[in-house]
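Novice: Here you go, this is final-v4.txt (compact mmCIF, C-alpha atoms).
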```
# COMPACT_ATOMS: atom_id res chain seq x y z
CA MET A 1 12.25 74.21 -9.84
CA ARG A 2 14.46 71.61 -11.52
CA LYS A 3 13.99 72.96 -15.06
CA PHE A 4 14.55 76.56 -13.95
CA GLU A 5 17.77 75.61 -12.20
CA GLU A 6 19.04 73.57 -15.13
CA LYS A 7 18.45 76.52 -17.44
CA THR A 8 20.11 78.85 -14.93
CA GLY A 9 23.24 76.69 -14.93
CA GLN A 10 23.30 76.72 -18.72
CA LEU A 11 22.93 80.51 -18.90
CA TYR A 12 25.64 80.98 -16.28
CA GLY A 13 27.99 78.99 -18.47
CA GLN A 14 27.15 81.39 -21.31
CA GLN A 15 27.97 84.33 -19.00
CA LYS A 16 24.46 85.73 -19.33
CA ILE A 17 24.14 85.31 -15.56
CA ARG A 18 27.06 86.51 -13.46
CA GLY A 19 28.15 86.79 -9.88
CA PHE A 20 27.46 84.14 -7.27
CA CYS A 21 24.93 81.46 -8.14
CA HIS A 22 23.84 78.52 -5.98
CA LEU A 23 21.62 75.84 -7.54
CA TYR A 24 18.97 73.80 -5.73
CA ILE A 25 19.09 70.70 -7.94
CA GLY A 26 18.43 67.61 -5.80
CA GLN A 27 16.75 69.43 -2.91
CA GLU A 28 13.37 70.10 -4.53
CA ALA A 29 11.37 67.78 -2.27
CA VAL A 30 12.02 70.14 0.65
CA MET A 31 10.15 73.06 -0.91
CA ALA A 32 7.51 70.89 -2.61
CA GLY A 33 6.69 69.22 0.71
CA THR A 34 6.52 72.60 2.42
CA MET A 35 4.22 74.18 -0.15
CA SER A 36 1.74 71.31 0.14
CA VAL A 37 1.13 72.49 3.71
CA ILE A 38 1.54 76.27 4.07
CA GLY A 39 -0.73 78.94 2.63
CA ALA A 40 -0.31 82.15 0.66
CA GLU A 41 -0.23 84.29 3.82
CA ASP A 42 2.49 82.21 5.45
CA SER A 43 6.00 83.52 4.86
CA VAL A 44 9.34 81.91 4.08
CA ILE A 45 12.85 83.22 4.56
CA THR A 46 16.06 81.50 3.56
CA ALA A 47 19.75 81.78 2.78
CA TYR A 48 21.32 82.42 -0.62
CA ARG A 49 20.24 79.15 -2.31
CA ASP A 50 16.86 80.77 -2.82
CA HIS A 51 15.58 80.39 -6.41
CA ALA A 52 13.33 77.43 -5.64
CA HIS A 53 11.88 79.07 -2.54
CA ALA A 54 10.75 82.09 -4.57
CA LEU A 55 9.31 79.98 -7.37
CA ALA A 56 7.48 77.74 -4.91
CA LYS A 57 5.96 80.75 -3.15
CA GLY A 58 4.52 81.99 -6.43
CA VAL A 59 7.05 84.51 -7.68
CA SER A 60 6.90 84.22 -11.47
CA ALA A 61 9.68 82.62 -13.47
CA ASN A 62 9.88 85.88 -15.43
CA GLU A 63 10.62 87.93 -12.31
CA CYS A 64 13.10 85.35 -11.04
CA MET A 65 15.02 85.04 -14.31
CA ALA A 66 15.07 88.81 -14.79
CA GLU A 67 16.61 89.13 -11.33
CA MET A 68 19.27 86.61 -12.32
CA PHE A 69 20.06 88.83 -15.29
CA GLY A 70 20.17 91.95 -13.09
CA LYS A 71 17.21 93.57 -14.87
CA ILE A 72 14.78 96.15 -13.45
CA THR A 73 11.85 93.76 -13.99
CA GLY A 74 13.36 91.29 -11.52
CA CYS A 75 11.77 90.49 -8.17
CA SER A 76 14.39 92.68 -6.44
CA LYS A 77 14.55 95.22 -9.29
CA GLY A 78 17.81 93.72 -10.51
CA LYS A 79 19.65 94.85 -7.39
CA GLY A 80 19.84 91.55 -5.53
CA GLY A 81 20.74 88.96 -8.11
CA SER A 82 20.81 85.25 -7.42
CA MET A 83 21.28 85.44 -3.66
CA HIS A 84 18.67 88.07 -2.79
CA PHE A 85 15.29 87.17 -4.25
CA PHE A 86 12.45 88.98 -2.46
CA SER A 87 8.73 89.45 -2.88
CA LYS A 88 6.54 91.21 -0.33
CA GLU A 89 3.48 90.22 -2.36
CA HIS A 90 4.22 86.51 -2.15
CA LYS A 91 5.62 86.56 1.41
CA MET A 92 9.04 85.52 0.14
CA MET A 93 11.04 87.43 2.73
CA GLY A 94 14.33 87.11 1.03
CA GLY A 95 17.33 85.10 0.27
CA HIS A 96 20.13 86.31 2.56
CA GLY A 97 23.84 86.24 1.82
CA ILE A 98 25.09 86.41 5.41
CA VAL A 99 25.38 82.88 6.78
CA GLY A 100 22.71 82.49 9.45
CA GLY A 101 21.62 86.11 9.12
CA GLN A 102 18.08 85.11 8.21
CA ILE A 103 17.52 83.02 11.35
CA PRO A 104 16.76 85.90 13.77
CA LEU A 105 14.76 87.60 11.02
CA GLY A 106 12.52 84.56 10.68
CA ALA A 107 11.79 84.68 14.41
CA GLY A 108 11.14 88.42 14.12
CA ILE A 109 8.57 87.87 11.38
CA ALA A 110 6.91 85.21 13.52
CA PHE A 111 6.89 87.61 16.48
CA ALA A 112 5.07 90.21 14.35
CA GLU A 113 2.49 87.63 13.27
CA LYS A 114 1.83 86.64 16.87
CA TYR A 115 1.69 90.28 17.98
CA LEU A 116 -0.91 91.03 15.33
CA GLY A 117 -3.02 88.14 16.55
CA ASN A 118 -3.23 86.09 13.36
CA THR A 119 -2.38 82.45 12.69
CA ASN A 120 0.23 82.91 9.97
CA VAL A 121 3.52 81.04 10.33
CA ASN A 122 7.06 81.66 9.13
CA VAL A 123 9.24 78.88 7.74
CA CYS A 124 12.89 79.78 8.24
CA TYR A 125 15.41 77.78 6.20
CA MET A 126 19.13 77.47 6.80
CA GLY A 127 22.00 75.23 5.79
CA ASP A 128 23.93 72.80 7.96
CA GLY A 129 26.77 75.32 8.24
CA ALA A 130 24.53 78.07 9.60
CA VAL A 131 23.66 76.16 12.78
CA ARG A 132 27.22 76.87 13.96
CA GLN A 133 26.38 80.57 14.23
CA GLY A 134 25.68 81.97 17.68
CA ALA A 135 22.52 83.64 16.41
CA PHE A 136 21.02 80.20 15.81
CA ASN A 137 21.13 79.31 19.50
CA GLU A 138 20.00 82.75 20.63
CA THR A 139 17.05 82.66 18.24
CA LEU A 140 15.90 79.16 19.22
CA ASN A 141 15.97 80.22 22.86
CA MET A 142 13.83 83.31 22.24
CA ALA A 143 11.43 81.51 19.88
CA MET A 144 10.78 78.78 22.42
CA THR A 145 10.48 81.21 25.33
CA TRP A 146 7.89 83.30 23.49
CA LYS A 147 6.26 80.34 21.69
CA LEU A 148 6.67 81.98 18.29
CA PRO A 149 4.91 80.51 15.21
CA VAL A 150 8.09 79.66 13.32
CA ILE A 151 9.39 76.40 11.83
CA PHE A 152 13.17 76.30 11.68
CA VAL A 153 14.34 74.06 8.84
CA CYS A 154 17.94 72.97 8.49
CA GLU A 155 18.37 71.83 4.88
CA ASN A 156 21.23 69.48 5.66
CA ASN A 157 22.79 68.62 2.30
CA GLY A 158 25.90 67.30 3.97
CA TYR A 159 28.31 70.10 3.15
CA ALA A 160 28.85 73.69 4.25
CA MET A 161 30.50 74.87 1.04
CA GLY A 162 33.11 72.08 0.87
CA THR A 163 33.23 71.18 4.55
CA SER A 164 31.34 68.03 5.51
CA VAL A 165 29.19 67.98 8.63
CA ALA A 166 31.46 65.27 10.07
CA ARG A 167 34.36 67.74 10.12
CA THR A 168 32.48 70.34 12.16
CA THR A 169 30.85 68.31 14.93
CA ASN A 170 30.94 65.04 16.83
CA MET A 171 27.12 65.06 16.91
CA MET A 172 25.88 64.21 13.44
CA ASP A 173 22.21 64.52 14.41
CA ILE A 174 21.74 68.25 13.99
CA TYR A 175 18.08 68.12 15.03
CA LYS A 176 19.19 67.28 18.58
CA MET A 177 20.43 70.85 18.95
CA GLY A 178 16.79 71.83 19.41
CA HIS A 179 16.48 69.56 22.45
CA GLY A 180 18.62 71.96 24.46
CA PHE A 181 15.68 74.36 24.37
CA ASP A 182 12.98 71.69 24.83
CA MET A 183 11.91 72.49 21.27
CA PRO A 184 10.07 69.75 19.35
CA SER A 185 12.73 68.57 16.89
CA ALA A 186 13.05 65.74 14.39
CA PRO A 187 15.04 64.39 11.45
CA VAL A 188 13.25 64.16 8.08
CA ASP A 189 14.11 62.34 4.85
CA GLY A 190 14.49 65.29 2.48
CA MET A 191 14.54 63.06 -0.59
CA ASP A 192 10.97 61.96 0.14
CA VAL A 193 8.35 64.63 -0.54
CA VAL A 194 5.69 62.78 1.47
CA ALA A 195 7.95 62.59 4.52
CA VAL A 196 8.59 66.34 4.26
CA HIS A 197 4.86 67.02 3.89
CA ASN A 198 4.00 64.99 7.01
CA ALA A 199 6.69 66.62 9.16
CA MET A 200 5.80 70.12 8.00
CA ASP A 201 2.09 69.49 8.51
CA GLU A 202 2.64 68.55 12.15
CA ALA A 203 4.91 71.56 12.73
CA VAL A 204 2.54 74.03 11.08
CA GLN A 205 -0.44 72.74 13.05
CA ARG A 206 1.51 73.19 16.27
CA ALA A 207 2.51 76.75 15.33
CA ARG A 208 -1.04 77.75 14.34
CA ALA A 209 -2.36 76.38 17.63
CA GLY A 210 -0.05 78.70 19.56
CA GLU A 211 2.20 75.89 20.77
CA GLY A 212 5.38 77.46 19.43
CA PRO A 213 8.26 76.56 17.13
CA THR A 214 9.63 73.33 15.69
CA PHE A 215 13.12 72.49 14.48
CA LEU A 216 13.37 70.08 11.55
CA GLU A 217 16.61 68.71 10.18
CA ILE A 218 15.64 67.81 6.63
CA ARG A 219 18.36 65.59 5.23
CA THR A 220 18.76 66.25 1.54
CA TYR A 221 21.53 66.44 -1.07
CA ARG A 222 22.63 68.85 -3.78
CA TYR A 223 23.74 67.30 -7.05
CA LYS A 224 25.80 70.31 -8.09
CA GLY A 225 28.62 72.11 -6.30
CA HIS A 226 28.07 74.66 -3.57
CA SER A 227 28.06 77.34 -6.24
CA MET A 228 28.76 77.48 -9.95
CA SER A 229 32.47 77.96 -9.23
CA ASP A 230 32.69 74.78 -7.13
CA PRO A 231 33.96 71.59 -8.85
CA ALA A 232 32.87 69.58 -5.75
CA LYS A 233 36.06 67.50 -5.59
CA TYR A 234 35.56 66.95 -1.87
CA ARG A 235 33.03 64.15 -2.48
CA THR A 236 33.30 60.87 -4.36
CA LYS A 237 31.53 59.94 -7.58
CA GLU A 238 30.12 56.91 -5.76
CA GLU A 239 28.48 59.16 -3.16
CA LEU A 240 26.96 61.39 -5.82
CA GLU A 241 25.61 58.43 -7.78
CA GLU A 242 24.11 56.92 -4.64
CA PHE A 243 22.06 60.06 -4.01
CA LYS A 244 21.13 60.43 -7.66
CA GLY A 245 19.54 57.04 -7.30
CA ARG A 246 17.25 58.65 -4.72
CA ASP A 247 16.31 61.61 -6.93
CA PRO A 248 13.04 62.96 -5.46
CA LEU A 249 11.68 63.77 -8.92
CA LEU A 250 12.11 60.17 -10.07
CA SER A 251 10.70 58.60 -6.91
CA THR A 252 7.70 60.95 -6.94
CA LYS A 253 7.03 60.18 -10.59
CA ALA A 254 7.28 56.45 -9.87
CA ALA A 255 4.74 56.77 -7.04
CA ILE A 256 2.35 58.72 -9.27
CA VAL A 257 2.56 56.09 -11.99
CA GLU A 258 2.28 53.16 -9.56
CA ASN A 259 -0.86 54.61 -7.99
CA LYS A 260 -2.25 55.52 -11.43
CA TYR A 261 -2.72 59.17 -10.51
CA ALA A 262 -1.51 60.17 -14.00
CA ASP A 263 -0.14 58.64 -17.19
CA ASP A 264 2.75 59.34 -19.55
CA ALA A 265 0.64 61.73 -21.60
CA TRP A 266 0.10 63.90 -18.52
CA PHE A 267 3.84 63.96 -17.76
CA ALA A 268 4.60 64.94 -21.37
CA GLU A 269 2.06 67.77 -21.15
CA VAL A 270 3.56 69.07 -17.90
CA ASP A 271 7.10 68.87 -19.28
CA ALA A 272 6.10 70.85 -22.36
CA GLU A 273 4.31 73.48 -20.25
CA ILE A 274 7.27 73.92 -17.90
CA LYS A 275 9.74 74.15 -20.79
CA LYS A 276 7.60 76.90 -22.32
CA ILE A 277 7.47 78.85 -19.05
CA VAL A 278 11.23 78.65 -18.55
CA ASP A 279 12.01 79.54 -22.17
CA GLU A 280 9.66 82.53 -21.98
CA SER A 281 11.36 83.68 -18.76
CA VAL A 282 14.71 83.78 -20.55
CA LYS A 283 13.23 85.82 -23.39
CA PHE A 284 11.60 88.17 -20.86
CA ALA A 285 14.89 88.64 -19.01
CA GLU A 286 16.92 89.24 -22.15
CA GLU A 287 14.47 91.85 -23.44
CA SER A 288 14.14 93.70 -20.12
CA GLU A 289 16.12 96.84 -19.29
CA TYR A 290 18.87 97.24 -16.74
CA PRO A 291 18.09 99.51 -13.76
CA ASP A 292 18.86 103.20 -14.17
CA ALA A 293 21.85 104.41 -12.15
CA SER A 294 19.49 106.46 -9.98
CA GLU A 295 18.05 103.20 -8.58
CA ILE A 296 21.09 102.88 -6.34
CA TYR A 297 19.60 105.56 -4.08
CA LYS A 298 16.17 103.91 -3.85
CA ASP A 299 14.91 101.19 -1.52
CA VAL A 300 17.67 101.91 0.99
CA TYR A 301 15.24 102.74 3.78
CA VAL A 302 11.67 101.54 4.29
CA GLN A 303 9.08 104.31 4.35
CA GLU A 304 6.05 102.62 5.82
CA ASP A 305 3.97 102.68 8.99
CA TYR A 306 3.98 99.30 10.67
CA PRO A 307 0.75 98.36 12.47
CA PHE A 308 2.62 96.59 15.28
CA ILE A 309 4.65 99.71 16.24
CA MET A 310 2.83 101.54 18.99
CA ASP A 311 2.56 105.32 19.11
```
Would you mind writing the structure in this file as structure tokens?
Specialist:
Amino acid sequence: MRKFEEKTGQLYGQQKIRGFCHLYIGQEAVMAGTMSVIGAEDSVITAYRDHAHALAKGVSANECMAEMFGKITGCSKGKGGSMHFFSKEHKMMGGHGIVGGQIPLGAGIAFAEKYLGNTNVNVCYMGDGAVRQGAFNETLNMAMTWKLPVIFVCENNGYAMGTSVARTTNMMDIYKMGHGFDMPSAPVDGMDVVAVHNAMDEAVQRARAGEGPTFLEIRTYRYKGHSMSDPAKYRTKEELEEFKGRDPLLSTKAAIVENKYADDAWFAEVDAEIKKIVDESVKFAEESEYPDASEIYKDVYVQEDYPFIMD
């Protein structure tokens, strides 16, 4: 996730990637902790900072990078770009550009899973700004009433674009919003992958057991601006450096070394492998074709019979 995003930022600066682009650098422990718990048949849905979510769910770096380039080989056929990664195969149910728009959709996916009688869960991600949308409250109410198998995750990185949480509320503990619906809710250290794993594990077990949703406020931090056009002048250098000192990649590596799970040779091997994958994805994207103009008329409507729609 980190290497892909670093390369994405570099390519954006070269104008090979255009349009809006929101990087996930600093927040990787959230998705890593999630993926250590959920399975291939469980779905995720998120907002527009979605590259890491797709990669974590198994969408190839080639498909992701091609989508960034707007190529037909991308995961959304080059039509979605950075903010709209999607893969039905990998249960990546989309990045969504409308703030909070994915929240009711996540509950809808969970409703379908429950209706079909399986134990799959949906993990629905949002930012700290999205919880100010009315749909957030409406969805939490319905999810709790119907005991839907959905985990709502607020990735609280402290800023909604450039507006700090402190400027939008007098209640800094966002997780407490779930208490109004008697929904199990908790704060989580989003810079600690083990803490994320433990919180997600408890929430997923509850959902699979038919006990309903959970709301987690995972407190994390983005090291880059809101988007590539954001100089992030609304925060101090001291604040940024403080959180860089808690980089989840560095703390995880330190724990691995301390517990002697792996050595420097293993890290070097992994770094080389990841660099190769990312470099190959850039080559794949550059060599791929742009969509034909006729593609604009395709994929507008879904032509499929849904098993949960009754005759």
Novice: Could you please determine the separation between atom CA of A:Asp128 and atom CA of A:Asn157 in Å, to one decimal place?
Specialist: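 Atom-to-atom, atom CA of A:Asp128 and atom CA of A:Asn157 are spaced 7.1 Å apart.
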Novice: Given only C-alpha atoms, how would the per-residue table for stretch 63-111 of chain A near stretch 42-46 of chain A read, listing every residue at most 7 Å away with its closest atom pair and distance in Å to one decimal, sorted by chain and number, as CSV?
Specialist:
```
residue,atom,partner,partner_atom,distance
A:Lys91,CA,A:Ser43,CA,4.6
A:Met92,CA,A:Val44,CA,5.4
A:Met93,CA,A:Ile45,CA,4.9
A:Gly94,CA,A:Ile45,CA,5.5
A:Gly95,CA,A:Thr46,CA,5.0
A:His96,CA,A:Thr46,CA,6.4
A:Gln102,CA,A:Thr46,CA,6.2
A:Gly106,CA,A:Ile45,CA,6.3
```
Novice: Neighbours of A:Ala54 within 12 Å (all atoms listed in the file; same-chain residues fewer than 5 positions away dropped), as a ChimeraX atom specification?
Specialist: /A:1,4,24,31-32,35,43-49,59-65,67,74-76,82-95
Novice: I'd like to know which of A:Ile151, A:Ala130, A:Ala40, A:Ile98 is closest to A:Gln205, using all atoms listed in the file.
Specialist: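 Looking only at the distances to A:Gln205, the closest residue turns out to be A:Ile151.
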Novice: Between atom CA of A:Ala255 and atom CA of A:Gly33, what is the distance in Å, rounded to a tenth?
Specialist: 14.8 Å
Novice: Report as a PyMOL selection string all protein, DNA and RNA residues lying within 9 Å of A:Cys154, evaluated on only C-alpha atoms, omitting residues in the same chain fewer than 4 positions from it.
Specialist: chain A and resi 124-128+130-131+174-175+215-219
